[in-house]
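As provided, work_9.pdb (PDB, C-alpha atoms) reads as follows.
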ATOM      1  CA  MET A  49      -7.888 -25.177  20.850
ATOM      2  CA  ARG A  50      -4.279 -26.126  20.277
ATOM      3  CA  VAL A  51      -2.745 -29.028  18.415
ATOM      4  CA  ASP A  52      -3.221 -32.225  20.407
ATOM      5  CA  ASP A  53      -5.460 -30.461  22.888
ATOM      6  CA  VAL A  54      -7.579 -33.526  23.557
ATOM      7  CA  GLU A  55     -10.109 -31.854  25.810
ATOM      8  CA  ALA A  56     -10.752 -29.138  23.233
ATOM      9  CA  PHE A  57     -11.181 -31.763  20.527
ATOM     10  CA  LYS A  58     -13.677 -33.614  22.670
ATOM     11  CA  ALA A  59     -15.504 -30.372  23.444
ATOM     12  CA  ALA A  60     -15.798 -29.637  19.732
ATOM     13  CA  PHE A  61     -17.120 -33.113  18.907
ATOM     14  CA  ARG A  62     -19.646 -32.868  21.707
ATOM     15  CA  ARG A  63     -21.154 -30.056  19.635
ATOM     16  CA  LEU A  64     -21.856 -32.514  16.813
ATOM     17  CA  ALA A  65     -24.924 -34.689  17.351
ATOM     18  CA  ALA A  66     -24.851 -38.185  15.877
ATOM     19  CA  GLY A  67     -27.193 -41.011  15.077
ATOM     20  CA  VAL A  68     -26.586 -44.240  16.960
ATOM     21  CA  ALA A  69     -25.760 -47.555  15.276
ATOM     22  CA  VAL A  70     -24.612 -50.970  16.463
ATOM     23  CA  VAL A  71     -22.038 -52.951  14.471
ATOM     24  CA  THR A  72     -21.827 -56.708  15.080
ATOM     25  CA  ALA A  73     -19.556 -59.465  13.799
ATOM     26  CA  LEU A  74     -18.247 -62.895  14.774
ATOM     27  CA  HIS A  75     -14.839 -63.657  16.217
ATOM     28  CA  PRO A  76     -12.980 -66.452  14.394
ATOM     29  CA  ASP A  77     -14.031 -68.834  17.207
ATOM     30  CA  GLY A  78     -17.702 -67.947  16.729
ATOM     31  CA  ARG A  79     -18.135 -65.666  19.734
ATOM     32  CA  PRO A  80     -20.250 -62.562  19.060
ATOM     33  CA  ALA A  81     -18.532 -59.178  18.834
ATOM     34  CA  GLY A  82     -20.058 -55.764  18.594
ATOM     35  CA  PHE A  83     -20.128 -52.154  19.679
ATOM     36  CA  THR A  84     -22.245 -49.032  19.711
ATOM     37  CA  ALA A  85     -21.037 -46.588  17.040
ATOM     38  CA  THR A  86     -21.725 -42.947  16.293
ATOM     39  CA  SER A  87     -19.451 -42.933  13.237
ATOM     40  CA  VAL A  88     -21.541 -44.852  10.685
ATOM     41  CA  ALA A  89     -21.845 -42.721   7.543
ATOM     42  CA  SER A  90     -23.055 -43.196   3.997
ATOM     43  CA  LEU A  91     -20.267 -43.286   1.409
ATOM     44  CA  ALA A  92     -22.298 -43.828  -1.780
ATOM     45  CA  ALA A  93     -25.759 -44.932  -2.846
ATOM     46  CA  THR A  94     -24.796 -46.685  -6.108
ATOM     47  CA  PRO A  95     -23.391 -49.150  -5.249
ATOM     48  CA  PRO A  96     -24.543 -48.843  -1.608
ATOM     49  CA  LEU A  97     -21.449 -48.170   0.501
ATOM     50  CA  ALA A  98     -20.917 -47.010   4.085
ATOM     51  CA  THR A  99     -18.092 -46.460   6.562
ATOM     52  CA  PHE A 100     -17.478 -46.655  10.286
ATOM     53  CA  ASN A 101     -14.473 -45.882  12.474
ATOM     54  CA  MET A 102     -13.042 -47.723  15.451
ATOM     55  CA  ALA A 103     -10.003 -48.032  17.682
ATOM     56  CA  ARG A 104      -7.771 -50.987  16.851
ATOM     57  CA  LYS A 105      -7.480 -51.695  20.559
ATOM     58  CA  ALA A 106     -11.279 -52.139  20.758
ATOM     59  CA  SER A 107     -12.501 -55.570  21.850
ATOM     60  CA  ALA A 108     -14.306 -56.065  18.531
ATOM     61  CA  TRP A 109     -11.308 -55.210  16.333
ATOM     62  CA  PRO A 110      -9.924 -58.779  16.108
ATOM     63  CA  ALA A 111     -13.313 -59.833  14.725
ATOM     64  CA  ILE A 112     -13.614 -56.883  12.323
ATOM     65  CA  GLU A 113     -10.026 -57.410  11.197
ATOM     66  CA  GLN A 114     -10.525 -61.060  10.284
ATOM     67  CA  THR A 115     -14.134 -61.399   9.166
ATOM     68  CA  GLU A 116     -15.765 -60.671   5.805
ATOM     69  CA  HIS A 117     -19.202 -59.593   6.999
ATOM     70  CA  VAL A 118     -20.772 -57.363   9.627
ATOM     71  CA  LEU A 119     -24.287 -56.295  10.473
ATOM     72  CA  ILE A 120     -24.934 -52.577  10.882
ATOM     73  CA  HIS A 121     -28.094 -51.689  12.794
ATOM     74  CA  PHE A 122     -29.623 -48.202  12.975
ATOM     75  CA  LEU A 123     -31.188 -47.700  16.392
ATOM     76  CA  GLY A 124     -34.464 -46.076  17.322
ATOM     77  CA  VAL A 125     -35.478 -44.603  20.651
ATOM     78  CA  ARG A 126     -36.995 -47.979  21.622
ATOM     79  CA  ASN A 127     -33.481 -49.507  21.314
ATOM     80  CA  ARG A 128     -31.794 -47.278  23.871
ATOM     81  CA  ALA A 129     -31.181 -50.162  26.289
ATOM     82  CA  ALA A 130     -29.452 -52.108  23.507
ATOM     83  CA  ALA A 131     -27.230 -49.096  22.788
ATOM     84  CA  GLU A 132     -26.208 -49.014  26.437
ATOM     85  CA  THR A 133     -25.655 -52.766  26.653
ATOM     86  CA  LEU A 134     -23.441 -52.774  23.539
ATOM     87  CA  SER A 135     -21.321 -50.078  25.256
ATOM     88  CA  LEU A 136     -20.584 -52.176  28.359
ATOM     89  CA  ASP A 137     -17.463 -54.247  28.912
ATOM     90  CA  ALA A 138     -17.054 -56.734  26.070
ATOM     91  CA  ASP A 139     -18.093 -59.776  28.085
ATOM     92  CA  GLU A 140     -21.406 -58.167  29.065
ATOM     93  CA  ARG A 141     -22.540 -56.961  25.642
ATOM     94  CA  PHE A 142     -24.305 -60.144  24.576
ATOM     95  CA  ALA A 143     -25.720 -61.193  27.960
ATOM     96  CA  GLY A 144     -29.464 -60.927  27.435
ATOM     97  CA  ASP A 145     -32.201 -61.488  24.892
ATOM     98  CA  HIS A 146     -31.655 -58.240  22.947
ATOM     99  CA  TRP A 147     -30.085 -60.215  20.101
ATOM    100  CA  ALA A 148     -30.213 -63.570  18.298
ATOM    101  CA  PRO A 149     -28.166 -65.192  15.520
ATOM    102  CA  GLY A 150     -29.162 -63.642  12.193
ATOM    103  CA  PRO A 151     -27.888 -63.824   8.592
ATOM    104  CA  LEU A 152     -24.634 -65.823   8.312
ATOM    105  CA  GLY A 153     -24.957 -66.416  12.072
ATOM    106  CA  LEU A 154     -24.095 -62.770  12.772
ATOM    107  CA  PRO A 155     -25.529 -61.231  15.970
ATOM    108  CA  LEU A 156     -28.783 -59.495  15.005
ATOM    109  CA  ILE A 157     -30.057 -56.862  17.432
ATOM    110  CA  ALA A 158     -33.802 -57.286  17.999
ATOM    111  CA  ASP A 159     -36.481 -54.896  16.788
ATOM    112  CA  VAL A 160     -34.363 -52.199  15.144
ATOM    113  CA  PRO A 161     -35.788 -49.766  12.543
ATOM    114  CA  ALA A 162     -33.214 -50.867   9.954
ATOM    115  CA  TRP A 163     -30.326 -53.290   9.619
ATOM    116  CA  MET A 164     -27.926 -54.049   6.803
ATOM    117  CA  LEU A 165     -25.752 -57.064   6.005
ATOM    118  CA  CYS A 166     -22.421 -55.640   4.861
ATOM    119  CA  ARG A 167     -19.297 -57.036   3.222
ATOM    120  CA  ILE A 168     -16.074 -55.393   4.368
ATOM    121  CA  ILE A 169     -14.313 -53.991   1.284
ATOM    122  CA  GLY A 170     -11.605 -51.922   2.936
ATOM    123  CA  ARG A 171      -9.770 -51.483   6.228
ATOM    124  CA  TYR A 172      -7.625 -48.346   6.465
ATOM    125  CA  PRO A 173      -5.420 -48.165   9.565
ATOM    126  CA  VAL A 174      -4.701 -44.584  10.688
ATOM    127  CA  GLU A 175      -2.527 -44.221  13.770
ATOM    128  CA  GLU A 176      -4.116 -46.516  16.410
ATOM    129  CA  SER A 177      -7.565 -46.487  14.751
ATOM    130  CA  ALA A 178      -9.089 -47.824  11.552
ATOM    131  CA  ILE A 179     -11.642 -46.719   8.991
ATOM    132  CA  VAL A 180     -13.756 -49.613   7.733
ATOM    133  CA  ALA A 181     -15.557 -49.405   4.369
ATOM    134  CA  VAL A 182     -18.416 -51.784   3.616
ATOM    135  CA  ARG A 183     -20.674 -52.666   0.728
ATOM    136  CA  ILE A 184     -24.281 -53.280   1.726
ATOM    137  CA  GLU A 185     -25.452 -56.621   0.382
ATOM    138  CA  ASP A 186     -28.831 -57.067   2.064
ATOM    139  CA  GLY A 187     -30.968 -55.613   4.799
ATOM    140  CA  ARG A 188     -34.398 -55.078   6.235
ATOM    141  CA  LEU A 189     -36.498 -52.190   7.428
ATOM    142  CA  GLY A 190     -38.253 -52.892  10.737
ATOM    143  CA  ASP A 191     -41.064 -50.970  12.361
ATOM    144  CA  ASP A 192     -40.322 -47.291  12.026
ATOM    145  CA  ASP A 193     -39.168 -45.366  15.100
ATOM    146  CA  ILE A 194     -37.777 -42.015  16.121
ATOM    147  CA  PRO A 195     -33.988 -42.227  15.544
ATOM    148  CA  LEU A 196     -31.807 -42.404  18.638
ATOM    149  CA  LEU A 197     -29.290 -39.554  18.963
ATOM    150  CA  TYR A 198     -26.086 -39.167  20.964
ATOM    151  CA  HIS A 199     -24.866 -35.736  21.960
ATOM    152  CA  GLU A 200     -23.083 -34.268  24.982
ATOM    153  CA  ARG A 201     -22.624 -37.823  26.327
ATOM    154  CA  GLN A 202     -26.386 -38.394  26.524
ATOM    155  CA  TYR A 203     -29.048 -40.088  24.409
ATOM    156  CA  TRP A 204     -31.694 -37.852  22.840
ATOM    157  CA  ARG A 205     -34.615 -37.955  20.470
ATOM    158  CA  PRO A 206     -35.074 -35.409  17.639
ATOM    159  CA  GLY A 207     -37.350 -32.520  18.504
ATOM    160  CA  ASP A 208     -38.839 -29.883  16.243
ATOM    161  CA  ARG A 209     -37.866 -28.894  12.745
ATOM    162  CA  ALA A 210     -34.998 -26.420  12.644
TER
ATOM    163  CA  MET B 243     -33.845 -54.756   0.702
ATOM    164  CA  ARG B 244     -31.901 -56.464  -2.048
ATOM    165  CA  VAL B 245     -28.339 -55.984  -3.221
ATOM    166  CA  ASP B 246     -28.076 -52.692  -5.135
ATOM    167  CA  ASP B 247     -31.594 -51.723  -4.172
ATOM    168  CA  VAL B 248     -30.823 -48.027  -4.025
ATOM    169  CA  GLU B 249     -34.198 -46.898  -2.766
ATOM    170  CA  ALA B 250     -34.082 -49.377   0.097
ATOM    171  CA  PHE B 251     -30.579 -48.217   1.000
ATOM    172  CA  LYS B 252     -31.734 -44.618   1.038
ATOM    173  CA  ALA B 253     -34.762 -45.557   3.135
ATOM    174  CA  ALA B 254     -32.478 -47.234   5.679
ATOM    175  CA  PHE B 255     -30.120 -44.256   5.892
ATOM    176  CA  ARG B 256     -33.064 -41.904   6.346
ATOM    177  CA  ARG B 257     -33.584 -43.754   9.635
ATOM    178  CA  LEU B 258     -30.174 -42.573  10.826
ATOM    179  CA  ALA B 259     -30.098 -38.987  12.056
ATOM    180  CA  ALA B 260     -26.873 -37.054  11.576
ATOM    181  CA  GLY B 261     -25.193 -33.903  12.779
ATOM    182  CA  VAL B 262     -24.509 -31.298  10.131
ATOM    183  CA  ALA B 263     -21.026 -30.022   9.255
ATOM    184  CA  VAL B 264     -19.555 -27.842   6.520
ATOM    185  CA  VAL B 265     -16.166 -28.695   4.977
ATOM    186  CA  THR B 266     -14.322 -25.913   3.137
ATOM    187  CA  ALA B 267     -11.080 -25.761   1.145
ATOM    188  CA  LEU B 268      -9.405 -23.763  -1.590
ATOM    189  CA  HIS B 269      -9.127 -24.747  -5.231
ATOM    190  CA  PRO B 270      -5.566 -24.510  -6.610
ATOM    191  CA  ASP B 271      -6.522 -21.177  -8.234
ATOM    192  CA  GLY B 272      -7.689 -19.787  -4.883
ATOM    193  CA  ARG B 273     -11.438 -20.057  -5.402
ATOM    194  CA  PRO B 274     -13.373 -21.247  -2.335
ATOM    195  CA  ALA B 275     -14.769 -24.794  -2.306
ATOM    196  CA  GLY B 276     -17.052 -26.413   0.218
ATOM    197  CA  PHE B 277     -20.055 -28.554   0.938
ATOM    198  CA  THR B 278     -22.514 -29.498   3.639
ATOM    199  CA  ALA B 279     -21.658 -32.918   5.069
ATOM    200  CA  THR B 280     -23.475 -35.384   7.302
ATOM    201  CA  SER B 281     -20.573 -37.840   7.287
ATOM    202  CA  VAL B 282     -18.058 -36.133   9.584
ATOM    203  CA  ALA B 283     -17.049 -38.596  12.312
ATOM    204  CA  SER B 284     -14.431 -38.801  15.019
ATOM    205  CA  LEU B 285     -11.683 -41.332  14.313
ATOM    206  CA  ALA B 286      -9.507 -40.855  17.412
ATOM    207  CA  ALA B 287      -8.969 -38.365  20.222
ATOM    208  CA  THR B 288      -5.196 -38.853  20.658
ATOM    209  CA  PRO B 289      -3.992 -37.635  18.246
ATOM    210  CA  PRO B 290      -7.219 -35.850  17.221
ATOM    211  CA  LEU B 291      -8.381 -37.449  13.962
ATOM    212  CA  ALA B 292     -11.628 -37.325  11.995
ATOM    213  CA  THR B 293     -13.064 -38.528   8.695
ATOM    214  CA  PHE B 294     -15.584 -37.432   6.100
ATOM    215  CA  ASN B 295     -16.895 -39.006   2.903
ATOM    216  CA  MET B 296     -17.647 -37.479  -0.474
ATOM    217  CA  ALA B 297     -18.334 -38.308  -4.114
ATOM    218  CA  ARG B 298     -15.335 -37.820  -6.386
ATOM    219  CA  LYS B 299     -17.623 -36.171  -8.904
ATOM    220  CA  ALA B 300     -18.517 -33.505  -6.320
ATOM    221  CA  SER B 301     -17.597 -29.927  -7.228
ATOM    222  CA  ALA B 302     -15.284 -29.663  -4.218
ATOM    223  CA  TRP B 303     -13.336 -32.863  -4.949
ATOM    224  CA  PRO B 304     -10.649 -31.211  -7.138
ATOM    225  CA  ALA B 305      -9.890 -28.930  -4.195
ATOM    226  CA  ILE B 306      -9.931 -31.712  -1.590
ATOM    227  CA  GLU B 307      -7.808 -33.901  -3.852
ATOM    228  CA  GLN B 308      -5.059 -31.321  -4.250
ATOM    229  CA  THR B 309      -4.973 -29.308  -1.049
ATOM    230  CA  GLU B 310      -3.328 -30.040   2.287
ATOM    231  CA  HIS B 311      -5.790 -28.312   4.612
ATOM    232  CA  VAL B 312      -9.531 -28.029   5.126
ATOM    233  CA  LEU B 313     -11.750 -26.360   7.681
ATOM    234  CA  ILE B 314     -14.471 -28.499   9.276
ATOM    235  CA  HIS B 315     -17.297 -26.552  10.921
ATOM    236  CA  PHE B 316     -19.946 -28.058  13.211
ATOM    237  CA  LEU B 317     -23.235 -26.265  12.671
ATOM    238  CA  GLY B 318     -25.792 -25.132  15.215
ATOM    239  CA  VAL B 319     -29.458 -24.370  14.656
ATOM    240  CA  ARG B 320     -28.543 -20.716  14.066
ATOM    241  CA  ASN B 321     -26.447 -21.831  11.039
ATOM    242  CA  ARG B 322     -29.282 -23.530   9.150
ATOM    243  CA  ALA B 323     -29.189 -20.960   6.327
ATOM    244  CA  ALA B 324     -25.463 -21.604   5.862
ATOM    245  CA  ALA B 325     -26.138 -25.350   5.661
ATOM    246  CA  GLU B 326     -28.659 -24.730   2.908
ATOM    247  CA  THR B 327     -26.411 -22.294   1.037
ATOM    248  CA  LEU B 328     -23.485 -24.729   1.086
ATOM    249  CA  SER B 329     -25.824 -27.321  -0.500
ATOM    250  CA  LEU B 330     -26.702 -25.142  -3.517
ATOM    251  CA  ASP B 331     -25.035 -25.354  -6.916
ATOM    252  CA  ALA B 332     -21.289 -24.832  -6.556
ATOM    253  CA  ASP B 333     -21.260 -21.297  -7.969
ATOM    254  CA  GLU B 334     -23.846 -20.111  -5.425
ATOM    255  CA  ARG B 335     -22.297 -21.521  -2.261
ATOM    256  CA  PHE B 336     -20.044 -18.564  -1.471
ATOM    257  CA  ALA B 337     -22.340 -15.758  -2.637
ATOM    258  CA  GLY B 338     -23.106 -13.896   0.570
ATOM    259  CA  ASP B 339     -21.602 -12.743   3.830
ATOM    260  CA  HIS B 340     -21.942 -16.096   5.651
ATOM    261  CA  TRP B 341     -18.181 -16.631   5.330
ATOM    262  CA  ALA B 342     -14.851 -14.824   5.228
ATOM    263  CA  PRO B 343     -11.246 -15.876   4.649
ATOM    264  CA  GLY B 344      -9.935 -17.586   7.791
ATOM    265  CA  PRO B 345      -6.773 -19.499   8.762
ATOM    266  CA  LEU B 346      -4.490 -20.133   5.749
ATOM    267  CA  GLY B 347      -7.045 -18.171   3.697
ATOM    268  CA  LEU B 348      -9.530 -21.034   3.959
ATOM    269  CA  PRO B 349     -13.241 -20.129   3.828
ATOM    270  CA  LEU B 350     -14.444 -19.764   7.426
ATOM    271  CA  ILE B 351     -18.206 -20.015   7.975
ATOM    272  CA  ALA B 352     -19.366 -17.260  10.338
ATOM    273  CA  ASP B 353     -20.611 -17.784  13.874
ATOM    274  CA  VAL B 354     -20.433 -21.581  14.154
ATOM    275  CA  PRO B 355     -20.320 -23.390  17.538
ATOM    276  CA  ALA B 356     -17.024 -25.066  16.621
ATOM    277  CA  TRP B 357     -14.544 -25.202  13.758
ATOM    278  CA  MET B 358     -11.320 -27.108  13.252
ATOM    279  CA  LEU B 359      -8.319 -26.546  10.994
ATOM    280  CA  CYS B 360      -7.422 -29.975   9.614
ATOM    281  CA  ARG B 361      -4.506 -31.443   7.682
ATOM    282  CA  ILE B 362      -5.510 -34.144   5.201
ATOM    283  CA  ILE B 363      -3.547 -37.291   6.079
ATOM    284  CA  GLY B 364      -5.318 -39.831   3.867
ATOM    285  CA  ARG B 365      -7.574 -40.060   0.821
ATOM    286  CA  TYR B 366      -9.049 -43.497   0.200
ATOM    287  CA  PRO B 367     -10.907 -43.858  -3.115
ATOM    288  CA  VAL B 368     -13.710 -46.437  -2.985
ATOM    289  CA  GLU B 369     -15.664 -46.919  -6.214
ATOM    290  CA  GLU B 370     -16.685 -43.377  -7.299
ATOM    291  CA  SER B 371     -16.380 -41.916  -3.769
ATOM    292  CA  ALA B 372     -13.585 -41.186  -1.331
ATOM    293  CA  ILE B 373     -13.010 -41.351   2.396
ATOM    294  CA  VAL B 374     -10.870 -38.455   3.659
ATOM    295  CA  ALA B 375      -8.956 -38.729   6.940
ATOM    296  CA  VAL B 376      -7.730 -35.581   8.669
ATOM    297  CA  ARG B 377      -5.642 -34.619  11.655
ATOM    298  CA  ILE B 378      -6.980 -31.661  13.593
ATOM    299  CA  GLU B 379      -4.278 -29.047  14.036
ATOM    300  CA  ASP B 380      -6.184 -26.095  15.478
ATOM    301  CA  GLY B 381      -9.692 -24.866  16.097
ATOM    302  CA  ARG B 382     -12.027 -22.682  18.081
ATOM    303  CA  LEU B 383     -15.205 -23.056  20.037
ATOM    304  CA  GLY B 384     -17.746 -20.321  19.271
ATOM    305  CA  ASP B 385     -20.880 -19.428  21.176
ATOM    306  CA  ASP B 386     -22.651 -22.623  22.135
ATOM    307  CA  ASP B 387     -25.800 -23.587  20.242
ATOM    308  CA  ILE B 388     -28.208 -26.471  19.813
ATOM    309  CA  PRO B 389     -26.637 -28.786  17.198
ATOM    310  CA  LEU B 390     -28.277 -28.875  13.785
ATOM    311  CA  LEU B 391     -29.556 -32.308  12.725
ATOM    312  CA  TYR B 392     -30.442 -33.789   9.342
ATOM    313  CA  HIS B 393     -32.928 -36.625   9.115
ATOM    314  CA  GLU B 394     -35.601 -37.683   6.601
ATOM    315  CA  ARG B 395     -34.352 -34.932   4.248
ATOM    316  CA  GLN B 396     -35.166 -32.182   6.767
ATOM    317  CA  TYR B 397     -33.268 -30.133   9.342
ATOM    318  CA  TRP B 398     -34.147 -30.713  13.005
ATOM    319  CA  ARG B 399     -33.086 -29.713  16.470
ATOM    320  CA  PRO B 400     -32.595 -32.285  19.274
ATOM    321  CA  GLY B 401     -35.599 -32.659  21.541
ATOM    322  CA  ASP B 402     -35.892 -34.460  24.862
ATOM    323  CA  ARG B 403     -33.596 -37.004  26.414
ATOM    324  CA  ALA B 404     -34.232 -40.537  25.194
TER
END
Can you give me the file's structure in the form of structure tokens?
Amino acid sequence: MRVDDVEAFKAAFRRLAAGVAVVTALHPDGRPAGFTATSVASLAATPPLATFNMARKASAWPAIEQTEHVLIHFLGVRNRAAAETLSLDADERFAGDHWAPGPLGLPLIADVPAWMLCRIIGRYPVEESAIVAVRIEDGRLGDDDIPLLYHERQYWRPGDRA
Amino acid sequence: MRVDDVEAFKAAFRRLAAGVAVVTALHPDGRPAGFTATSVASLAATPPLATFNMARKASAWPAIEQTEHVLIHFLGVRNRAAAETLSLDADERFAGDHWAPGPLGLPLIADVPAWMLCRIIGRYPVEESAIVAVRIEDGRLGDDDIPLLYHERQYWRPGDRA
């Protein structure tokens, strides 16, 4: 792998499996915004903090840049279709009954194992991307499920203990 | 889940599965530092950027705070013992032959599926933690392996397609 060898970078990151989350927000005009994310990570437990990363050219960035709150949903295997829908072109992501207005009117994805209402406490632009830090203010656990994984450009379920 | 309900926050994050990485660095006096991380995430592909999160009271923070370079390793199932060793008390993490000095003298974990030499380009303190942004400058792919997962406080291997 050499510096700026994009294919090698992508090959390396394909060797890291990731849990799948969906981040939603509202555009200033009230339209729903959201995307499927594999970058959601815990930052601290006390107070409860988390982070996610995104491109600043992403369709949801104008919403994330200007809003105070987002919902972060952790997806189970039963939510695979929602993960795929929230990865489509922006104008197709909220066509369907996989969501409804939730807390503060934010788009709430249906039937997820866990969701959290988060206040954005930091936006850190880096090159053409941004790191977003949030403080978790509320949330709910839904029916438990096997967590949805993303790896090698495919969705997976966990298998046996390693 | 209520605001600052730490147990509920932890219960939610247990529903997110994560790939396992090891971050290593050198203390200013040359001693090795490192830790097992489930927070490593891609930030951009061009240029290749990534992030990880850590507590600023962590034993490795003085190294991360003062150094320019780290190694990030993505672990496979065959590296489970290394993941556990790098989670022990700080003075036990480098006792053994699971590592050797690598690029720039940084601790290189043996036989991983992928590692990356990274330059730290941003440290963002948030409460008692920090987000660290890196630019990937070099790296190698090792023998391929099934990625190691962490979920519900246990190590797992991916199973079937979801």
Give me the result of the PyMOL selection byres ((chain A and resi 191) around 6) on this file, residue by residue, as a VMD selection string. chain A and resid 161 190 192
Please build the interface table for chain A against chain B with a cut-off of 6 Å, listing for each qualifying residue the nearest atom pair and the distance in Å to one decimal; count all atoms listed in the file, order rows by chain and increasing number, and write it as a Markdown table.
| residue | atom | partner | partner_atom | distance |
| --- | --- | --- | --- | --- |
| A:Met49 | CA | B:Gly381 | CA | 5.1 |
| A:Arg50 | CA | B:Asp380 | CA | 5.2 |
| A:Val51 | CA | B:Glu379 | CA | 4.6 |
| A:Asp52 | CA | B:Pro289 | CA | 5.9 |
| A:Ala60 | CA | B:Ala356 | CA | 5.7 |
| A:Leu64 | CA | B:Gly261 | CA | 5.4 |
| A:Ala65 | CA | B:Gly261 | CA | 4.6 |
| A:Ala66 | CA | B:Ala260 | CA | 4.9 |
| A:Gly67 | CA | B:Ala259 | CA | 4.7 |
| A:Ser87 | CA | B:Ala283 | CA | 5.0 |
| A:Ala89 | CA | B:Ser281 | CA | 5.1 |
| A:Leu91 | CA | B:Asn295 | CA | 5.6 |
| A:Pro95 | CA | B:Asp246 | CA | 5.9 |
| A:Asn101 | CA | B:Leu285 | CA | 5.6 |
| A:Ala162 | CA | B:Ala254 | CA | 5.7 |
| A:Glu185 | CA | B:Val245 | CA | 4.7 |
| A:Asp186 | CA | B:Arg244 | CA | 5.2 |
| A:Gly187 | CA | B:Met243 | CA | 5.1 |
| A:Arg188 | CA | B:Met243 | CA | 5.6 |
| A:Tyr203 | CA | B:Ala404 | CA | 5.3 |
| A:Trp204 | CA | B:Arg403 | CA | 4.1 |
| A:Arg205 | CA | B:Ala404 | CA | 5.4 |
| A:Pro206 | CA | B:Pro400 | CA | 4.3 |
| A:Gly207 | CA | B:Gly401 | CA | 3.5 |
| A:Asp208 | CA | B:Arg399 | CA | 5.8 |
| A:Arg209 | CA | B:Trp398 | CA | 4.1 |
| A:Ala210 | CA | B:Trp398 | CA | 4.4 |
Expand the PyMOL selection byres ((chain B and resi 333) around 12) into the explicit residue set it covers here, and present it as a list in words.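 So the PyMOL selection byres ((chain B and resi 333) around 12), applied here, picks out Arg273, Pro274, Ala275, Gly276, Phe277, Ser301, Ala302, Thr327, Leu328, Ser329, Leu330, Asp331, Ala332, Glu334, Arg335, Phe336, Ala337 and Gly338 of chain B.
Atom CA of Glu307 of chain B to atom CA of Ile112 of chain A spans 28.7 Å [interatomic distance, one decimal].
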Around (-19.3, -63.2, 15.1), as given in the file, which residues come within 10 Å? Count all atoms listed in the file and list them as a ChimeraX atom specification. /A:72-82,108,111-112,115,117-119,149,152-155
Would you save the residues of that selection, restricted to C-alpha atoms, as a PDB file, in the frame of the given file?
ATOM      1  CA  THR A  72     -21.827 -56.708  15.080  1.00  0.00           C
ATOM      2  CA  ALA A  73     -19.556 -59.465  13.799  1.00  0.00           C
ATOM      3  CA  LEU A  74     -18.247 -62.895  14.774  1.00  0.00           C
ATOM      4  CA  HIS A  75     -14.839 -63.657  16.217  1.00  0.00           C
ATOM      5  CA  PRO A  76     -12.980 -66.452  14.394  1.00  0.00           C
ATOM      6  CA  ASP A  77     -14.031 -68.834  17.207  1.00  0.00           C
ATOM      7  CA  GLY A  78     -17.702 -67.947  16.729  1.00  0.00           C
ATOM      8  CA  ARG A  79     -18.135 -65.666  19.734  1.00  0.00           C
ATOM      9  CA  PRO A  80     -20.250 -62.562  19.060  1.00  0.00           C
ATOM     10  CA  ALA A  81     -18.532 -59.178  18.834  1.00  0.00           C
ATOM     11  CA  GLY A  82     -20.058 -55.764  18.594  1.00  0.00           C
ATOM     12  CA  ALA A 108     -14.306 -56.065  18.531  1.00  0.00           C
ATOM     13  CA  ALA A 111     -13.313 -59.833  14.725  1.00  0.00           C
ATOM     14  CA  ILE A 112     -13.614 -56.883  12.323  1.00  0.00           C
ATOM     15  CA  THR A 115     -14.134 -61.399   9.166  1.00  0.00           C
ATOM     16  CA  HIS A 117     -19.202 -59.593   6.999  1.00  0.00           C
ATOM     17  CA  VAL A 118     -20.772 -57.363   9.627  1.00  0.00           C
ATOM     18  CA  LEU A 119     -24.287 -56.295  10.473  1.00  0.00           C
ATOM     19  CA  PRO A 149     -28.166 -65.192  15.520  1.00  0.00           C
ATOM     20  CA  LEU A 152     -24.634 -65.823   8.312  1.00  0.00           C
ATOM     21  CA  GLY A 153     -24.957 -66.416  12.072  1.00  0.00           C
ATOM     22  CA  LEU A 154     -24.095 -62.770  12.772  1.00  0.00           C
ATOM     23  CA  PRO A 155     -25.529 -61.231  15.970  1.00  0.00           C
TER      24      PRO A 155
END
Separation of atom CA of Ile314 of chain B from atom CA of Val354 of chain B, in Å and rounded to one decimal: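 Separating atom CA of Ile314 of chain B from atom CA of Val354 of chain B is a distance of 10.4 Å.
Going from atom CA of Asp145 of chain A to atom CA of Ala85 of chain A covers 20.2 Å.
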